[in-house]
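File shown here: start.txt, holding compact mmCIF, C-alpha atoms.
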```
# COMPACT_ATOMS: atom_id res chain seq x y z
CA MET A 208 24.70 -88.33 -117.95
CA GLY A 209 27.46 -87.02 -115.75
CA PHE A 210 30.94 -85.92 -116.59
CA ASP A 211 32.68 -89.01 -117.90
CA PHE A 212 36.36 -89.13 -116.94
CA ASP A 213 36.73 -92.59 -118.34
CA VAL A 214 36.59 -91.49 -121.97
CA ILE A 215 39.50 -89.12 -121.33
CA GLU A 216 41.51 -91.82 -119.65
CA ARG A 217 40.83 -94.30 -122.43
CA SER A 218 41.79 -91.90 -125.19
CA MET A 219 44.83 -90.48 -123.39
CA PRO A 220 47.47 -92.57 -125.26
CA TYR A 221 45.94 -91.71 -128.63
CA LEU A 222 45.59 -88.02 -127.78
CA PHE A 223 49.15 -87.61 -126.67
CA ARG A 224 50.95 -90.09 -128.93
CA GLU A 225 49.21 -89.01 -132.13
CA GLY A 226 47.84 -85.57 -131.41
CA MET A 227 50.31 -83.90 -129.10
CA THR A 228 53.27 -85.26 -131.05
CA PHE A 229 51.90 -83.62 -134.18
CA THR A 230 51.23 -80.32 -132.41
CA VAL A 231 54.61 -80.16 -130.69
CA THR A 232 56.59 -81.25 -133.77
CA LEU A 233 54.78 -78.72 -135.92
CA THR A 234 55.37 -75.98 -133.35
CA LEU A 235 59.09 -76.75 -133.05
CA LEU A 236 59.65 -77.05 -136.81
CA ALA A 237 57.70 -73.88 -137.56
CA MET A 238 59.51 -72.04 -134.77
CA THR A 239 62.97 -73.08 -136.00
CA GLY A 240 62.18 -72.35 -139.61
CA GLY A 241 60.31 -69.18 -138.74
CA VAL A 242 63.11 -67.74 -136.62
CA ILE A 243 65.76 -68.47 -139.26
CA PHE A 244 63.66 -67.19 -142.15
CA GLY A 245 62.38 -64.30 -140.03
CA THR A 246 65.90 -63.19 -139.11
CA LEU A 247 66.89 -63.22 -142.78
CA LEU A 248 63.76 -61.22 -143.59
CA ALA A 249 64.59 -58.73 -140.84
CA MET A 250 68.10 -58.31 -142.26
CA MET A 251 66.56 -57.80 -145.69
CA ARG A 252 64.14 -55.21 -144.33
CA LEU A 253 67.01 -53.27 -142.79
CA SER A 254 69.11 -53.63 -145.92
CA ALA A 255 70.50 -50.50 -147.58
CA LEU A 256 69.43 -51.88 -150.96
CA LYS A 257 66.00 -50.40 -151.60
CA PRO A 258 64.52 -53.23 -153.76
CA VAL A 259 65.50 -55.84 -151.16
CA SER A 260 63.97 -53.98 -148.24
CA ILE A 261 60.81 -53.18 -150.21
CA LEU A 262 60.42 -56.83 -151.18
CA ALA A 263 60.82 -58.04 -147.60
CA GLY A 264 58.52 -55.30 -146.30
CA ALA A 265 55.83 -56.20 -148.81
CA TYR A 266 56.02 -59.87 -147.85
CA VAL A 267 55.81 -59.17 -144.12
CA ASN A 268 52.94 -56.71 -144.44
CA LEU A 269 51.01 -59.02 -146.74
CA MET A 270 51.38 -61.95 -144.36
CA ARG A 271 50.47 -59.80 -141.39
CA SER A 272 47.28 -58.47 -142.91
CA ILE A 273 45.63 -61.68 -144.05
CA PRO A 274 44.22 -64.18 -141.55
CA LEU A 275 46.15 -67.35 -140.75
CA LEU A 276 43.17 -69.46 -141.77
CA LEU A 277 43.23 -67.98 -145.25
CA VAL A 278 46.99 -68.54 -145.50
CA ILE A 279 46.45 -72.19 -144.55
CA PHE A 280 43.88 -72.55 -147.33
CA TRP A 281 46.08 -70.74 -149.82
CA PHE A 282 49.03 -73.02 -149.20
CA PHE A 283 46.97 -76.18 -148.93
CA PHE A 284 45.29 -75.62 -152.28
CA LEU A 285 48.05 -73.79 -154.12
CA VAL A 286 51.31 -75.44 -153.11
CA PRO A 287 50.52 -78.55 -155.22
CA TYR A 288 49.98 -76.35 -158.28
CA ILE A 289 53.07 -74.25 -157.63
CA GLY A 290 55.07 -77.44 -157.14
CA ALA A 291 53.77 -78.78 -160.42
CA TRP A 292 54.65 -75.51 -162.11
CA ILE A 293 58.20 -75.61 -160.75
CA THR A 294 58.83 -79.24 -161.63
CA GLY A 295 57.05 -78.82 -164.94
CA SER A 296 54.64 -81.71 -164.51
CA SER A 297 51.05 -81.49 -165.71
CA GLN A 298 49.53 -83.00 -162.58
CA PRO A 299 49.47 -81.14 -159.24
CA ILE A 300 52.08 -82.75 -157.01
CA LYS A 301 50.92 -84.63 -153.91
CA ILE A 302 52.11 -82.86 -150.79
CA GLY A 303 49.79 -83.87 -147.95
CA ALA A 304 48.39 -81.97 -145.01
CA TRP A 305 51.52 -82.38 -142.87
CA MET A 306 54.05 -80.81 -145.27
CA SER A 307 51.55 -78.16 -146.22
CA ALA A 308 51.04 -77.26 -142.54
CA VAL A 309 54.79 -77.08 -141.88
CA ILE A 310 55.36 -74.81 -144.89
CA THR A 311 52.39 -72.60 -144.06
CA PHE A 312 53.29 -72.06 -140.42
CA THR A 313 56.97 -71.45 -141.23
CA MET A 314 56.14 -68.85 -143.88
CA PHE A 315 53.42 -67.21 -141.78
CA GLU A 316 55.30 -67.05 -138.50
CA ALA A 317 58.45 -65.83 -140.29
CA ALA A 318 56.63 -62.54 -140.90
CA TYR A 319 55.95 -62.12 -137.17
CA TYR A 320 59.41 -63.28 -136.09
CA CYS A 321 60.81 -60.84 -138.65
CA GLU A 322 59.16 -57.88 -136.94
CA ILE A 323 60.44 -59.05 -133.55
CA MET A 324 63.97 -59.57 -134.85
CA ARG A 325 63.90 -56.20 -136.61
CA ALA A 326 63.13 -54.53 -133.30
CA GLY A 327 65.90 -56.61 -131.73
CA ILE A 328 68.48 -55.61 -134.33
CA GLN A 329 67.42 -51.97 -134.10
CA SER A 330 67.88 -52.05 -130.33
CA ILE A 331 71.63 -52.56 -130.80
CA ALA A 332 73.67 -49.37 -130.77
CA ARG A 333 74.87 -48.42 -134.26
CA GLY A 334 78.37 -47.87 -132.94
CA GLN A 335 78.75 -51.59 -132.43
CA VAL A 336 78.27 -52.23 -136.14
CA TRP A 337 80.85 -49.60 -136.96
CA SER A 338 83.26 -51.10 -134.43
CA GLY A 339 82.77 -54.43 -136.16
CA TYR A 340 83.60 -52.93 -139.54
CA ALA A 341 86.58 -51.09 -138.01
CA LEU A 342 87.92 -54.44 -136.81
CA GLY A 343 87.84 -55.66 -140.39
CA LEU A 344 84.80 -57.92 -140.10
CA ASN A 345 82.49 -58.05 -143.10
CA TYR A 346 78.69 -57.66 -142.98
CA TRP A 347 77.92 -61.33 -142.28
CA GLN A 348 80.61 -61.63 -139.58
CA THR A 349 79.39 -58.46 -137.85
CA MET A 350 75.82 -59.70 -137.92
CA ALA A 351 76.59 -63.24 -136.79
CA GLN A 352 79.11 -62.42 -134.07
CA ILE A 353 78.07 -59.02 -132.73
CA VAL A 354 74.55 -57.92 -133.59
CA LEU A 355 72.45 -61.07 -133.73
CA PRO A 356 73.58 -62.67 -130.44
CA GLN A 357 72.57 -59.51 -128.60
CA ALA A 358 69.39 -59.11 -130.60
CA PHE A 359 68.36 -62.68 -129.75
CA ARG A 360 69.10 -62.12 -126.10
CA ASN A 361 67.07 -58.91 -125.98
CA MET A 362 64.15 -60.41 -127.83
CA LEU A 363 64.09 -63.89 -126.28
CA PRO A 364 60.98 -63.24 -124.15
CA VAL A 365 59.01 -61.86 -127.11
CA LEU A 366 60.20 -64.69 -129.36
CA LEU A 367 58.98 -67.19 -126.78
CA THR A 368 55.65 -65.41 -126.39
CA GLN A 369 55.25 -65.62 -130.17
CA THR A 370 56.03 -69.34 -129.93
CA ILE A 371 53.27 -69.79 -127.34
CA ILE A 372 50.86 -68.12 -129.76
CA LEU A 373 52.17 -70.36 -132.54
CA PHE A 374 51.53 -73.38 -130.32
CA GLN A 375 47.92 -72.30 -129.88
CA ASP A 376 47.53 -71.43 -133.55
CA THR A 377 48.58 -74.89 -134.70
CA SER A 378 45.12 -76.06 -133.65
CA LEU A 379 43.86 -74.38 -136.83
CA VAL A 380 45.35 -77.17 -138.96
CA TYR A 381 42.11 -78.90 -138.12
CA VAL A 382 40.53 -77.10 -141.12
CA ILE A 383 42.73 -79.07 -143.52
CA SER A 384 41.87 -82.31 -141.63
CA ALA A 385 45.29 -82.82 -140.09
CA THR A 386 45.09 -84.65 -136.75
CA ASP A 387 46.73 -82.42 -134.19
CA PHE A 388 45.90 -82.49 -130.47
CA LEU A 389 42.58 -80.71 -130.97
CA GLY A 390 41.82 -82.76 -134.07
CA ALA A 391 42.45 -86.02 -132.22
CA ALA A 392 40.21 -84.91 -129.36
CA ALA A 393 37.49 -83.84 -131.81
CA LYS A 394 37.59 -87.27 -133.43
CA ILE A 395 37.13 -89.04 -130.07
CA ALA A 396 34.48 -86.53 -129.07
CA ASN A 397 32.44 -87.22 -132.18
CA ARG A 398 32.96 -90.98 -132.03
CA ASP A 399 31.92 -91.39 -128.39
CA TYR A 400 29.60 -88.39 -128.30
CA ARG A 401 31.56 -86.92 -125.39
CA LEU A 402 31.99 -83.36 -126.64
CA VAL A 403 31.96 -81.55 -123.29
CA GLU A 404 34.49 -83.89 -121.71
CA MET A 405 36.95 -83.89 -124.59
CA TYR A 406 36.87 -80.19 -125.31
CA SER A 407 37.19 -79.34 -121.60
CA PHE A 408 40.17 -81.66 -121.34
CA VAL A 409 41.79 -80.09 -124.41
CA ALA A 410 41.22 -76.62 -123.00
CA VAL A 411 42.79 -77.60 -119.68
CA VAL A 412 45.84 -79.13 -121.37
CA TYR A 413 46.37 -76.11 -123.64
CA PHE A 414 45.97 -73.82 -120.64
CA ILE A 415 48.48 -75.71 -118.50
CA ILE A 416 51.11 -75.79 -121.25
CA SER A 417 50.67 -72.18 -122.35
CA TYR A 418 50.50 -70.86 -118.81
CA SER A 419 53.62 -72.66 -117.65
CA LEU A 420 55.45 -71.45 -120.75
CA SER A 421 54.39 -67.87 -120.05
CA LEU A 422 55.62 -68.23 -116.46
CA LEU A 423 58.93 -69.35 -117.94
CA VAL A 424 58.95 -66.26 -120.15
CA LYS A 425 58.35 -64.04 -117.14
CA HIS A 426 61.18 -65.73 -115.26
CA LEU A 427 63.51 -65.35 -118.26
CA GLN A 428 62.59 -61.71 -118.63
CA GLU A 429 63.82 -60.99 -115.13
CA ARG A 430 66.95 -63.07 -115.53
CA ILE A 431 68.30 -61.92 -118.87
CA ALA A 432 67.37 -58.25 -118.69
CA ILE A 433 70.50 -56.30 -119.59
CA ARG A 434 71.47 -53.69 -116.96
CA MET B 282 47.68 -35.61 -108.33
CA ALA B 283 47.06 -32.30 -110.06
CA GLY B 284 43.48 -33.40 -110.55
CA THR B 285 43.05 -34.12 -106.87
CA ALA B 286 44.66 -30.77 -106.02
CA LEU B 287 42.06 -29.04 -108.20
CA GLY B 288 39.35 -30.61 -106.07
CA LEU B 289 38.22 -33.26 -108.55
CA THR B 290 36.97 -36.56 -107.23
CA GLN B 291 38.66 -39.73 -108.44
CA ALA B 292 35.87 -40.39 -110.92
CA GLN B 293 36.18 -36.85 -112.26
CA THR B 294 39.95 -37.16 -112.59
CA TYR B 295 39.51 -40.30 -114.66
CA ARG B 296 36.73 -38.77 -116.74
CA ASN B 297 38.41 -35.43 -117.46
CA VAL B 298 42.15 -35.97 -117.14
CA ILE B 299 43.37 -39.53 -117.41
CA LEU B 300 41.11 -41.27 -119.90
CA PRO B 301 41.12 -38.52 -122.57
CA GLN B 302 44.89 -38.85 -122.68
CA ALA B 303 45.05 -42.60 -122.33
CA PHE B 304 42.67 -43.25 -125.23
CA ARG B 305 44.73 -41.01 -127.49
CA ILE B 306 48.03 -42.58 -126.51
CA ILE B 307 46.87 -46.16 -127.00
CA LEU B 308 45.69 -45.56 -130.59
CA PRO B 309 48.64 -47.35 -132.32
CA PRO B 310 48.27 -50.63 -130.38
CA LEU B 311 44.52 -50.26 -130.76
CA THR B 312 45.02 -50.18 -134.54
CA SER B 313 46.94 -53.43 -134.62
CA GLU B 314 44.47 -55.00 -132.25
CA SER B 315 41.50 -54.06 -134.44
CA MET B 316 43.33 -55.52 -137.43
CA ASN B 317 43.81 -58.68 -135.40
CA ILE B 318 40.11 -58.83 -134.65
CA ILE B 319 39.27 -58.54 -138.35
CA LYS B 320 41.71 -61.32 -139.17
CA ASN B 321 40.72 -63.58 -136.30
CA SER B 322 37.05 -63.30 -137.20
CA SER B 323 37.92 -65.89 -139.86
CA VAL B 324 38.20 -68.48 -137.10
CA ALA B 325 34.41 -68.30 -136.72
CA LEU B 326 34.40 -70.55 -139.79
CA THR B 327 35.23 -73.51 -137.53
CA ILE B 328 31.78 -73.41 -135.91
CA GLY B 329 30.15 -73.20 -139.32
CA LEU B 330 29.54 -69.47 -139.48
CA LEU B 331 29.68 -68.33 -143.10
CA GLU B 332 31.92 -65.30 -142.84
CA LEU B 333 34.38 -64.12 -145.48
CA THR B 334 36.76 -67.08 -145.40
CA GLY B 335 33.83 -69.47 -145.01
CA ARG B 336 32.12 -68.03 -148.07
CA ALA B 337 35.38 -68.22 -150.04
CA ARG B 338 35.70 -71.85 -149.09
CA ALA B 339 32.07 -72.54 -150.01
CA MET B 340 32.64 -70.81 -153.35
CA GLN B 341 35.70 -72.94 -153.97
CA GLU B 342 33.90 -76.16 -153.09
CA PHE B 343 30.94 -75.18 -155.24
CA SER B 344 32.82 -74.09 -158.35
CA PHE B 345 36.34 -75.60 -157.96
CA ARG B 346 37.69 -72.11 -158.68
CA VAL B 347 40.39 -72.16 -156.02
CA PHE B 348 42.44 -69.18 -157.17
CA GLU B 349 39.51 -66.87 -157.77
CA ALA B 350 37.71 -67.62 -154.50
CA PHE B 351 40.72 -67.20 -152.24
CA SER B 352 42.09 -64.25 -154.20
CA ALA B 353 38.80 -62.43 -153.72
CA ALA B 354 38.82 -63.14 -149.97
CA THR B 355 42.45 -62.06 -149.66
CA VAL B 356 41.85 -58.81 -151.53
CA ILE B 357 38.82 -58.02 -149.36
CA TYR B 358 40.79 -58.64 -146.16
CA LEU B 359 43.67 -56.50 -147.45
CA LEU B 360 41.32 -53.65 -148.37
CA THR B 361 39.50 -53.82 -145.02
CA ASN B 362 42.77 -53.70 -143.13
CA LEU B 363 44.03 -50.88 -145.34
CA VAL B 364 40.90 -48.86 -144.58
CA VAL B 365 41.36 -49.47 -140.84
CA VAL B 366 45.01 -48.39 -140.99
CA LEU B 367 44.27 -45.24 -142.96
CA LEU B 368 41.33 -44.24 -140.75
CA MET B 369 43.30 -44.85 -137.58
CA ARG B 370 46.26 -42.90 -138.94
CA ALA B 371 44.01 -39.95 -139.73
CA LEU B 372 42.44 -40.19 -136.28
CA GLU B 373 45.88 -40.35 -134.69
CA GLN B 374 46.90 -37.15 -136.48
CA ARG B 375 43.71 -35.39 -135.39
CA VAL B 376 43.73 -36.25 -131.71
CA ARG B 377 47.48 -36.33 -131.09
CA VAL B 378 48.34 -35.16 -127.57
CA PRO B 379 50.34 -31.94 -128.05
CA GLY B 380 53.82 -32.03 -126.61
CA LEU B 381 54.20 -35.80 -126.63
CA ILE B 382 56.59 -37.48 -129.06
CA ALA B 383 54.90 -40.38 -130.78
CA ALA B 384 56.75 -43.31 -129.27
CA GLY B 385 57.78 -46.26 -131.40
CA GLY B 386 55.94 -49.15 -129.77
CA ALA B 387 57.70 -52.14 -128.29
CA PRO B 388 57.42 -55.28 -130.41
CA GLN B 389 54.38 -57.33 -129.71
CA ALA B 390 53.68 -60.97 -130.33
CA GLY B 391 50.55 -61.58 -132.32
CA HIS B 392 48.81 -63.72 -134.88
```
In structure tokens, what does this structure look like?
Amino acid sequence: MGFDFDVIERSMPYLFREGMTFTVTLTLLAMTGGVIFGTLLAMMRLSALKPVSILAGAYVNLMRSIPLLLVIFWFFFLVPYIGAWITGSSQPIKIGAWMSAVITFTMFEAAYYCEIMRAGIQSIARGQVWSGYALGLNYWQTMAQIVLPQAFRNMLPVLLTQTIILFQDTSLVYVISATDFLGAAAKIANRDYRLVEMYSFVAVVYFIISYSLSLLVKHLQERIAIR
Amino acid sequence: MAGTALGLTQAQTYRNVILPQAFRIILPPLTSESMNIIKNSSVALTIGLLELTGRARAMQEFSFRVFEAFSAATVIYLLTNLVVVLLMRALEQRVRVPGLIAAGGAPQAGH
């Protein structure tokens, strides 16, 4: 039995239409949600109000010290119960693997994006915040118009690197039986008994995408470096 | 350079000058990396290895005690990571290179 390219070719539409769409959509949604939520968390962590910063710090450290796989299980099994508790129904609400995955990855990645954004905000000279206040801007205006745009620009390469990692990590949704790119390939592999072919193909595709993204990051790093 | 001037060979310079400093300076990133290894070991579950997360999952499937099983696993991971952090912090204090300011590390992407 040689290396069978035909099985890859035959399953290509399924792999990309079902699998890759899932992976890419999940990555983009989790990235958007994670960056927004992470930025808010970073602002909370840097807040002058002690309880707020302690709360955000506890959340980030908790998320960063338990494995992603465990977080996926936690959310997959617990979100239905929490939902039921909030809505006050006696039955666990039905949420499905897809919504559960989106929520999990957003919440989990927010902790990592938070640390990146915190470093970004801290890299801005304090005088700029004071200048903002001196001009009569309030906290939100200073953040939105002065600090955050620069913080994003400084941290763009690291944010993108984190997104590449997120893209690779989405393959873990396979443990809650969601069909992402890897899950789709695993299904074909088991059906046609072509494990070597399918897994090699998946590895090559992940490598090509991640590597070209990291080349983009490198290029960006040189272009947007300030001074 | 100073090593070479003292008549050390390249291997000796590495052995006696560079590496003893390098290993002490890289301790903070080494800490986060060892925490990452502990966390990522949970991925071994996907090839059927019964490690901590795998056992928690087996427990949950066996007894339908979702909260208890995953809480136990979470607490164990938290404690393990706490031990690593505390040990590494103590080690850092002990072997700190005199005269160097502990630098705040650049942000790193991770998972």
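For the set A:Val365, A:Val412, A:Leu247, A:Ile310, the residue with the smallest atom-to-atom gap to chain B is A:Val365, counting all atoms listed in the file.
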Hey, which bits of chain A sit within 10 Å of chain B, and for each residue what's the closest pair of atoms and how far apart in Å (one decimal), counting all atoms listed in the file, rows by chain and increasing number, as JSON lines?
```
{"residue": "A:Asn268", "atom": "CA", "partner": "B:Leu359", "partner_atom": "CA", "distance": 9.7}
{"residue": "A:Leu269", "atom": "CA", "partner": "B:Leu359", "partner_atom": "CA", "distance": 7.8}
{"residue": "A:Met270", "atom": "CA", "partner": "B:Leu359", "partner_atom": "CA", "distance": 9.9}
{"residue": "A:Arg271", "atom": "CA", "partner": "B:His392", "partner_atom": "CA", "distance": 7.8}
{"residue": "A:Ser272", "atom": "CA", "partner": "B:Leu359", "partner_atom": "CA", "distance": 6.1}
{"residue": "A:Ile273", "atom": "CA", "partner": "B:Tyr358", "partner_atom": "CA", "distance": 6.1}
{"residue": "A:Pro274", "atom": "CA", "partner": "B:Lys320", "partner_atom": "CA", "distance": 4.5}
{"residue": "A:Leu275", "atom": "CA", "partner": "B:His392", "partner_atom": "CA", "distance": 7.4}
{"residue": "A:Leu276", "atom": "CA", "partner": "B:Ser323", "partner_atom": "CA", "distance": 6.6}
{"residue": "A:Leu277", "atom": "CA", "partner": "B:Thr334", "partner_atom": "CA", "distance": 6.5}
{"residue": "A:Val278", "atom": "CA", "partner": "B:Thr355", "partner_atom": "CA", "distance": 8.9}
{"residue": "A:Phe280", "atom": "CA", "partner": "B:Phe351", "partner_atom": "CA", "distance": 7.9}
{"residue": "A:Trp281", "atom": "CA", "partner": "B:Phe351", "partner_atom": "CA", "distance": 6.9}
{"residue": "A:Phe284", "atom": "CA", "partner": "B:Val347", "partner_atom": "CA", "distance": 7.1}
{"residue": "A:Leu285", "atom": "CA", "partner": "B:Phe348", "partner_atom": "CA", "distance": 7.9}
{"residue": "A:Phe315", "atom": "CA", "partner": "B:His392", "partner_atom": "CA", "distance": 9.0}
{"residue": "A:Glu316", "atom": "CA", "partner": "B:His392", "partner_atom": "CA", "distance": 8.1}
{"residue": "A:Ala318", "atom": "CA", "partner": "B:His392", "partner_atom": "CA", "distance": 9.9}
{"residue": "A:Tyr319", "atom": "CA", "partner": "B:Gly391", "partner_atom": "CA", "distance": 7.3}
{"residue": "A:Tyr320", "atom": "CA", "partner": "B:Ala390", "partner_atom": "CA", "distance": 8.4}
{"residue": "A:Glu322", "atom": "CA", "partner": "B:Pro388", "partner_atom": "CA", "distance": 7.2}
{"residue": "A:Ile323", "atom": "CA", "partner": "B:Pro388", "partner_atom": "CA", "distance": 5.8}
{"residue": "A:Met324", "atom": "CA", "partner": "B:Pro388", "partner_atom": "CA", "distance": 9.0}
{"residue": "A:Arg325", "atom": "CA", "partner": "B:Pro388", "partner_atom": "CA", "distance": 9.0}
{"residue": "A:Ala326", "atom": "CA", "partner": "B:Pro388", "partner_atom": "CA", "distance": 6.4}
{"residue": "A:Gly327", "atom": "CA", "partner": "B:Pro388", "partner_atom": "CA", "distance": 8.7}
{"residue": "A:Met362", "atom": "CA", "partner": "B:Pro388", "partner_atom": "CA", "distance": 8.8}
{"residue": "A:Pro364", "atom": "CA", "partner": "B:Ala390", "partner_atom": "CA", "distance": 9.8}
{"residue": "A:Val365", "atom": "CA", "partner": "B:Ala390", "partner_atom": "CA", "distance": 6.3}
{"residue": "A:Leu366", "atom": "CA", "partner": "B:Ala390", "partner_atom": "CA", "distance": 7.6}
{"residue": "A:Leu367", "atom": "CA", "partner": "B:Ala390", "partner_atom": "CA", "distance": 8.9}
{"residue": "A:Thr368", "atom": "CA", "partner": "B:Ala390", "partner_atom": "CA", "distance": 6.3}
{"residue": "A:Gln369", "atom": "CA", "partner": "B:Ala390", "partner_atom": "CA", "distance": 4.9}
{"residue": "A:Thr370", "atom": "CA", "partner": "B:Ala390", "partner_atom": "CA", "distance": 8.7}
{"residue": "A:Ile371", "atom": "CA", "partner": "B:Ala390", "partner_atom": "CA", "distance": 9.3}
{"residue": "A:Ile372", "atom": "CA", "partner": "B:Gly391", "partner_atom": "CA", "distance": 7.0}
{"residue": "A:Leu373", "atom": "CA", "partner": "B:His392", "partner_atom": "CA", "distance": 7.8}
{"residue": "A:Gln375", "atom": "CA", "partner": "B:His392", "partner_atom": "CA", "distance": 10.0}
{"residue": "A:Asp376", "atom": "CA", "partner": "B:His392", "partner_atom": "CA", "distance": 7.9}
{"residue": "A:Leu379", "atom": "CA", "partner": "B:Val324", "partner_atom": "CA", "distance": 8.2}
{"residue": "A:Tyr381", "atom": "CA", "partner": "B:Thr327", "partner_atom": "CA", "distance": 8.8}
{"residue": "A:Val382", "atom": "CA", "partner": "B:Thr327", "partner_atom": "CA", "distance": 7.3}
```
If you keep C-alpha atoms, can you produce a file of those selected residues as a PDB file, in the frame of the given file?
```pdb
ATOM      1  CA  ASN A 268      52.940 -56.710-144.440  1.00  0.00           C
ATOM      2  CA  LEU A 269      51.010 -59.020-146.740  1.00  0.00           C
ATOM      3  CA  MET A 270      51.380 -61.950-144.360  1.00  0.00           C
ATOM      4  CA  ARG A 271      50.470 -59.800-141.390  1.00  0.00           C
ATOM      5  CA  SER A 272      47.280 -58.470-142.910  1.00  0.00           C
ATOM      6  CA  ILE A 273      45.630 -61.680-144.050  1.00  0.00           C
ATOM      7  CA  PRO A 274      44.220 -64.180-141.550  1.00  0.00           C
ATOM      8  CA  LEU A 275      46.150 -67.350-140.750  1.00  0.00           C
ATOM      9  CA  LEU A 276      43.170 -69.460-141.770  1.00  0.00           C
ATOM     10  CA  LEU A 277      43.230 -67.980-145.250  1.00  0.00           C
ATOM     11  CA  VAL A 278      46.990 -68.540-145.500  1.00  0.00           C
ATOM     12  CA  PHE A 280      43.880 -72.550-147.330  1.00  0.00           C
ATOM     13  CA  TRP A 281      46.080 -70.740-149.820  1.00  0.00           C
ATOM     14  CA  PHE A 284      45.290 -75.620-152.280  1.00  0.00           C
ATOM     15  CA  LEU A 285      48.050 -73.790-154.120  1.00  0.00           C
ATOM     16  CA  PHE A 315      53.420 -67.210-141.780  1.00  0.00           C
ATOM     17  CA  GLU A 316      55.300 -67.050-138.500  1.00  0.00           C
ATOM     18  CA  ALA A 318      56.630 -62.540-140.900  1.00  0.00           C
ATOM     19  CA  TYR A 319      55.950 -62.120-137.170  1.00  0.00           C
ATOM     20  CA  TYR A 320      59.410 -63.280-136.090  1.00  0.00           C
ATOM     21  CA  GLU A 322      59.160 -57.880-136.940  1.00  0.00           C
ATOM     22  CA  ILE A 323      60.440 -59.050-133.550  1.00  0.00           C
ATOM     23  CA  MET A 324      63.970 -59.570-134.850  1.00  0.00           C
ATOM     24  CA  ARG A 325      63.900 -56.200-136.610  1.00  0.00           C
ATOM     25  CA  ALA A 326      63.130 -54.530-133.300  1.00  0.00           C
ATOM     26  CA  GLY A 327      65.900 -56.610-131.730  1.00  0.00           C
ATOM     27  CA  MET A 362      64.150 -60.410-127.830  1.00  0.00           C
ATOM     28  CA  PRO A 364      60.980 -63.240-124.150  1.00  0.00           C
ATOM     29  CA  VAL A 365      59.010 -61.860-127.110  1.00  0.00           C
ATOM     30  CA  LEU A 366      60.200 -64.690-129.360  1.00  0.00           C
ATOM     31  CA  LEU A 367      58.980 -67.190-126.780  1.00  0.00           C
ATOM     32  CA  THR A 368      55.650 -65.410-126.390  1.00  0.00           C
ATOM     33  CA  GLN A 369      55.250 -65.620-130.170  1.00  0.00           C
ATOM     34  CA  THR A 370      56.030 -69.340-129.930  1.00  0.00           C
ATOM     35  CA  ILE A 371      53.270 -69.790-127.340  1.00  0.00           C
ATOM     36  CA  ILE A 372      50.860 -68.120-129.760  1.00  0.00           C
ATOM     37  CA  LEU A 373      52.170 -70.360-132.540  1.00  0.00           C
ATOM     38  CA  GLN A 375      47.920 -72.300-129.880  1.00  0.00           C
ATOM     39  CA  ASP A 376      47.530 -71.430-133.550  1.00  0.00           C
ATOM     40  CA  LEU A 379      43.860 -74.380-136.830  1.00  0.00           C
ATOM     41  CA  TYR A 381      42.110 -78.900-138.120  1.00  0.00           C
ATOM     42  CA  VAL A 382      40.530 -77.100-141.120  1.00  0.00           C
TER      43      VAL A 382
END
```
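Taking all atoms listed in the file into account, A:Ala317 lies nearest to A:Thr246 out of the set A:Thr246, A:Ser417, A:Thr386, A:Thr377.
Atom CA of A:Val354 to atom CA of A:Met250 spans 10.8 Å [interatomic distance, one decimal].
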Requested in this report: With a distance cut-off of 12 Å and all atoms listed in the file, select the neighbouring residues of A:Met306, excluding the residue or stretch itself and same-chain residues fewer than 6 positions from it, and output the selection as a count of residues only.
Outcome: 15
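Considering the residues A:His426, A:Arg252, A:Arg398, A:Lys257 and counting all atoms listed in the file, A:Cys321 has its shortest atom-to-atom contact with A:Arg252.
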Requested in this report: Calculate how many Å separate atom CA of A:Ile302 from atom CA of A:Gly290, rounding to one decimal.
Outcome: 8.9 Å
**Report entry** Gap from atom CA of B:Met369 to atom CA of B:Leu300 - Å, one decimal
**Finding:** 18.2 Å
Query - Spatial neighbours of B:Thr285, 12 Å, only C-alpha atoms, chain gap at least 6 places, as a ChimeraX atom specification - result: /B:291-295,297-299
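In terms of minimum interatomic distance to A:Val411, A:Leu389 ranks closest within A:Leu389, A:Arg430, A:Arg360, A:Ala265, counting all atoms listed in the file.
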Query raised in the report: Using only C-alpha atoms, which of B:Gly329, B:Pro310, B:Gly284, B:Pro301 sits nearest B:Arg377?
Result: B:Pro301
Requested in this report: Give me the residues within 12 Å of A:Met350 as JSON, numbers by chain, counting all atoms listed in the file and dropping any in the same chain fewer than 2 places off.
Outcome: {"A": [246, 247, 249, 250, 253, 328, 331, 333, 335, 336, 337, 338, 339, 340, 344, 345, 346, 347, 348, 352, 353, 354, 355, 356, 357, 358, 359]}
